[in-house]
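As stored in start22.txt (compact mmCIF, C-alpha atoms):
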```txt
# COMPACT_ATOMS: atom_id res chain seq x y z
CA MET A 1 6.48 -32.21 92.03
CA LYS A 2 3.88 -30.55 89.81
CA ARG A 3 1.09 -32.92 88.84
CA THR A 4 -1.55 -32.46 86.13
CA LEU A 5 -4.91 -34.14 86.65
CA SER A 6 -7.72 -34.29 84.12
CA VAL A 7 -11.03 -34.96 85.83
CA LEU A 8 -14.22 -35.64 83.86
CA VAL A 9 -17.31 -34.79 85.89
CA GLU A 10 -21.05 -34.56 85.47
CA ASN A 11 -21.94 -30.97 84.58
CA ASN A 12 -23.91 -30.34 87.80
CA PRO A 13 -24.02 -27.45 90.28
CA GLY A 14 -21.65 -27.86 93.24
CA VAL A 15 -19.22 -30.28 91.60
CA LEU A 16 -16.40 -27.71 91.49
CA SER A 17 -16.86 -27.02 95.19
CA LYS A 18 -16.72 -30.73 96.07
CA VAL A 19 -13.58 -31.34 94.03
CA SER A 20 -11.68 -28.25 95.19
CA GLY A 21 -12.74 -28.91 98.79
CA LEU A 22 -11.21 -32.36 98.63
CA PHE A 23 -7.81 -30.83 97.77
CA GLY A 24 -8.18 -28.20 100.49
CA ARG A 25 -8.93 -30.79 103.17
CA ARG A 26 -5.73 -32.62 102.17
CA GLY A 27 -3.69 -29.42 102.48
CA TYR A 28 -2.96 -29.11 98.77
CA ASN A 29 -2.89 -25.74 97.11
CA ILE A 30 -4.32 -25.90 93.60
CA GLU A 31 -1.88 -23.96 91.39
CA SER A 32 -4.17 -23.95 88.37
CA LEU A 33 -7.78 -24.98 87.84
CA VAL A 34 -9.66 -24.73 84.56
CA VAL A 35 -13.19 -26.05 84.12
CA SER A 36 -15.35 -26.11 81.01
CA GLU A 37 -17.88 -28.20 79.15
CA THR A 38 -16.58 -30.93 76.84
CA GLU A 39 -17.92 -31.98 73.47
CA ASP A 40 -20.80 -33.45 75.51
CA ARG A 41 -22.64 -30.60 77.29
CA THR A 42 -23.55 -32.89 80.20
CA ILE A 43 -19.86 -33.46 81.02
CA SER A 44 -17.20 -30.97 82.13
CA ARG A 45 -13.42 -31.38 82.20
CA MET A 46 -11.38 -30.04 85.07
CA THR A 47 -7.67 -29.59 84.45
CA ILE A 48 -6.02 -29.31 87.86
CA ILE A 49 -2.33 -28.52 88.48
CA VAL A 50 -1.11 -29.28 92.02
CA ASP A 51 2.27 -29.61 93.68
CA GLY A 52 2.59 -32.72 95.80
CA ASP A 53 4.13 -36.09 96.41
CA ASP A 54 2.95 -39.33 94.81
CA GLU A 55 1.56 -40.99 97.93
CA ILE A 56 -0.85 -38.28 99.02
CA LEU A 57 -1.87 -37.45 95.47
CA GLU A 58 -2.73 -41.11 94.89
CA GLN A 59 -5.01 -40.88 97.93
CA VAL A 60 -6.66 -37.74 96.49
CA LYS A 61 -7.24 -39.51 93.16
CA LYS A 62 -8.91 -42.42 94.97
CA GLN A 63 -11.15 -40.03 96.89
CA LEU A 64 -12.02 -38.13 93.71
CA ASN A 65 -13.12 -41.40 92.12
CA LYS A 66 -15.50 -41.96 95.06
CA LEU A 67 -17.39 -38.71 94.38
CA VAL A 68 -20.73 -39.42 92.69
CA ASP A 69 -20.31 -36.74 90.00
CA VAL A 70 -16.78 -37.82 88.99
CA ILE A 71 -16.68 -39.93 85.83
CA LYS A 72 -12.93 -40.38 85.32
CA VAL A 73 -9.66 -39.17 86.85
CA SER A 74 -6.52 -39.19 84.69
CA ASP A 75 -3.01 -38.26 85.82
CA LEU A 76 -1.44 -36.54 82.79
CA THR A 77 1.85 -35.78 84.53
CA ASN A 78 3.93 -38.36 82.66
CA GLU A 79 1.91 -38.29 79.42
CA GLU A 80 2.84 -36.48 76.21
CA THR A 81 0.42 -33.57 76.22
CA VAL A 82 -0.35 -30.29 74.53
CA ASP A 83 -0.57 -27.63 77.27
CA ARG A 84 -1.82 -24.07 76.77
CA GLN A 85 -2.55 -20.90 78.72
CA LEU A 86 -4.22 -17.71 77.54
CA LEU A 87 -2.76 -14.31 78.45
CA LEU A 88 -4.33 -10.86 78.20
CA ILE A 89 -1.92 -8.10 79.16
CA ARG A 90 -2.12 -4.30 78.93
CA VAL A 91 1.21 -2.48 78.71
CA ASN A 92 2.27 1.14 78.56
CA ALA A 93 2.83 2.11 74.94
CA ASP A 94 3.37 5.60 73.61
CA ASN A 95 4.48 6.68 70.14
CA SER A 96 8.12 5.96 70.95
CA THR A 97 7.59 2.35 72.16
CA ARG A 98 4.51 1.14 70.26
CA THR A 99 6.41 -0.14 67.19
CA GLU A 100 8.99 -1.92 69.33
CA ILE A 101 6.28 -3.72 71.33
CA ILE A 102 4.40 -4.76 68.18
CA GLN A 103 7.59 -6.18 66.63
CA LEU A 104 8.42 -8.00 69.84
CA MET A 105 4.94 -9.54 70.00
CA ASP A 106 5.26 -10.68 66.36
CA ILE A 107 8.18 -12.85 67.47
CA PHE A 108 5.91 -14.55 70.02
CA ARG A 109 2.99 -14.72 67.54
CA ALA A 110 0.91 -12.70 70.00
CA ARG A 111 -1.88 -10.41 68.81
CA ILE A 112 -2.67 -6.80 69.59
CA VAL A 113 -6.38 -6.83 70.51
CA ASP A 114 -6.85 -3.25 71.70
CA ILE A 115 -5.04 0.02 71.16
CA GLY A 116 -5.37 2.89 73.61
CA ARG A 117 -3.76 6.31 73.50
CA LYS A 118 -1.10 5.22 75.98
CA SER A 119 -1.40 1.44 76.01
CA LEU A 120 -1.65 -1.77 74.02
CA MET A 121 -3.60 -4.88 75.02
CA ILE A 122 -2.01 -8.12 73.88
CA GLU A 123 -3.46 -11.61 73.62
CA ALA A 124 -1.20 -14.65 73.57
CA THR A 125 -1.54 -18.40 73.89
CA GLY A 126 1.16 -20.91 74.60
CA ASP A 127 2.69 -23.16 77.19
CA GLU A 128 3.70 -21.78 80.57
CA THR A 129 7.28 -21.09 79.44
CA LYS A 130 6.17 -18.97 76.47
CA ILE A 131 3.63 -17.01 78.53
CA ASP A 132 6.26 -16.31 81.20
CA ALA A 133 8.72 -15.16 78.51
CA ILE A 134 6.16 -12.74 77.06
CA ILE A 135 5.44 -11.27 80.48
CA LYS A 136 9.15 -10.88 81.21
CA SER A 137 9.78 -9.20 77.83
CA LEU A 138 6.98 -6.68 78.46
CA GLN A 139 7.97 -5.73 82.03
CA PRO A 140 10.43 -2.98 80.96
CA PHE A 141 7.56 -1.14 79.20
CA GLY A 142 5.39 -1.19 82.33
CA ILE A 143 2.54 -3.65 82.81
CA GLN A 144 -0.76 -1.97 83.62
CA GLU A 145 -2.89 -5.07 83.89
CA LEU A 146 -2.38 -8.80 83.48
CA VAL A 147 -4.71 -11.79 83.53
CA LYS A 148 -4.01 -15.36 82.44
CA THR A 149 -5.90 -18.59 82.52
CA GLY A 150 -4.73 -21.73 84.17
CA THR A 151 -3.28 -24.50 82.07
CA ILE A 152 -5.43 -26.69 79.86
CA SER A 153 -3.95 -29.99 78.81
CA VAL A 154 -4.85 -32.77 76.34
CA VAL A 155 -2.94 -35.97 75.62
CA ARG A 156 -1.25 -36.00 72.21
CA GLY A 157 -2.29 -38.42 69.47
CA SER A 158 -5.65 -39.72 68.37
CA LYS A 159 -8.35 -40.49 70.88
CA GLU A 160 -9.20 -44.18 71.03
CA LYS A 161 -12.77 -45.10 71.83
```

As a first step, turn the structure in this file into structure tokens.
Amino acid sequence: MKRTLSVLVENNPGVLSKVSGLFGRRGYNIESLVVSETEDRTISRMTIIVDGDDEILEQVKKQLNKLVDVIKVSDLTNEETVDRQLLLIRVNADNSTRTEIIQLMDIFRARIVDIGRKSLMIEATGDETKIDAIIKSLQPFGIQELVKTGTISVVRGSKEK
């Protein structure tokens, strides 16, 4: 089962290594890992997507909480969240296909961010399903290059303090 963890950590060197190492020692492959500063520059948020069973993941959460730099571990798996990925993709596009690709990307609300003589670079944000659908729709044109972020996730509703 895919699990989404949100881990608040002190923004210190080596924290990422400690956290990812903990998953590696447990034999978990991290499917997605995104780390960035929060509204407080001294704190970073790690959004980690892993595939695993409840028992072992509960053990990992307990061990994460023991790390000095970890402030809070939240399992967002069963929460109502807003999830997003960012995609940058370069596709073959000549005069005969350029208009078709642009119209197709309008449907997905994706943006053309660079135009080459024989290619288009497209930027899109959305949940994993939308990003996968965009990639699939562009495959017939020929994908030259593709990069996407991992998933970021925030619980819906207002934040209570």

- request: For each of A:Asp114, A:Asp75, A:Asp83, A:Asp53, take the minimum atom-to-atom distance to Ile131 (chain A), counting all atoms listed in the file, then give the residue where this is smallest.
  value: A:Asp83

Atomic separation - CA of Glu10 (chain A) relative to CA of Thr42 (chain A), Å: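 Answer for the CA of Thr42 (chain A) to CA of Glu10 (chain A) separation: 6.1 Å.
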
message: So that I can check the surroundings of Asp69 (chain A), please list as JSON, numbers by chain every protein, DNA and RNA residue that reaches within 12 Å of it, counting only C-alpha atoms and ignoring chain neighbours fewer than 5 positions away.
response: {"A": [7, 8, 9, 10, 11, 12, 13, 14, 15, 16, 17, 18, 19, 42, 43, 44, 45, 63, 64]}

- prompt: Which residues, written as number ranges by chain, have at least one atom at most 12 Å from Ser96 (chain A), with all atoms listed in the file counted and residues fewer than 5 positions away on the same chain left out?
  reply: A: 101-102, 118-119, 141

message: Please compute the CA of Ile122 (chain A)-CA of Pro140 (chain A) distance, one decimal, in Å.
response: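 Value for the CA of Ile122 (chain A)-CA of Pro140 (chain A) distance: 15.2 Å.
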
message: Quick check, in Å to one decimal: how far apart do CA of Asn92 (chain A) and CA of Val147 (chain A) lie?
response: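 Atom-to-atom, CA of Asn92 (chain A) to CA of Val147 (chain A), that is 15.5 Å.
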
Residue nearest Thr47 (chain A) - candidates A:Val34, A:Val60, A:Ile115, A:Leu87, atoms counted: all atoms listed in the file: A:Val34

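Using all atoms listed in the file, the nearest neighbour of Ser36 (chain A) within the list A:Val50, A:Arg90, A:Asn95, A:Ile152 is A:Ile152.
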
message: Would you pick out the contacts of Gln103 (chain A) at 12 Å or less, using all atoms listed in the file, so that residues sharing its chain but fewer than 6 positions from it are not included, and give the list as JSON, numbers by chain?
response: {"A": [97, 109, 110, 111, 112, 137, 138]}

- prompt: So which residues touch Gln139 (chain A) within 12 Å, counting only C-alpha atoms, skipping near sequence neighbours fewer than 5 positions away, as a ChimeraX atom specification?
  reply: /A:89-93,101,132-134,144-146

Kindly export the residues of the current selection with C-alpha atoms, as a tab-separated table (two decimals), in the coordinates of the input.
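Written file, result06.tsv:
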```tsv
chain	number	residue	atom	x	y	z
A	89	ILE	CA	-1.92	-8.10	79.16
A	90	ARG	CA	-2.12	-4.30	78.93
A	91	VAL	CA	1.21	-2.48	78.71
A	92	ASN	CA	2.27	1.14	78.56
A	93	ALA	CA	2.83	2.11	74.94
A	101	ILE	CA	6.28	-3.72	71.33
A	132	ASP	CA	6.26	-16.31	81.20
A	133	ALA	CA	8.72	-15.16	78.51
A	134	ILE	CA	6.16	-12.74	77.06
A	144	GLN	CA	-0.76	-1.97	83.62
A	145	GLU	CA	-2.89	-5.07	83.89
A	146	LEU	CA	-2.38	-8.80	83.48
```

- request: Could you check which of A:Thr125, A:Asn65, A:Ser6, A:Asn29 is closest to Asp51 (chain A), using all atoms listed in the file?
  value: A:Asn29
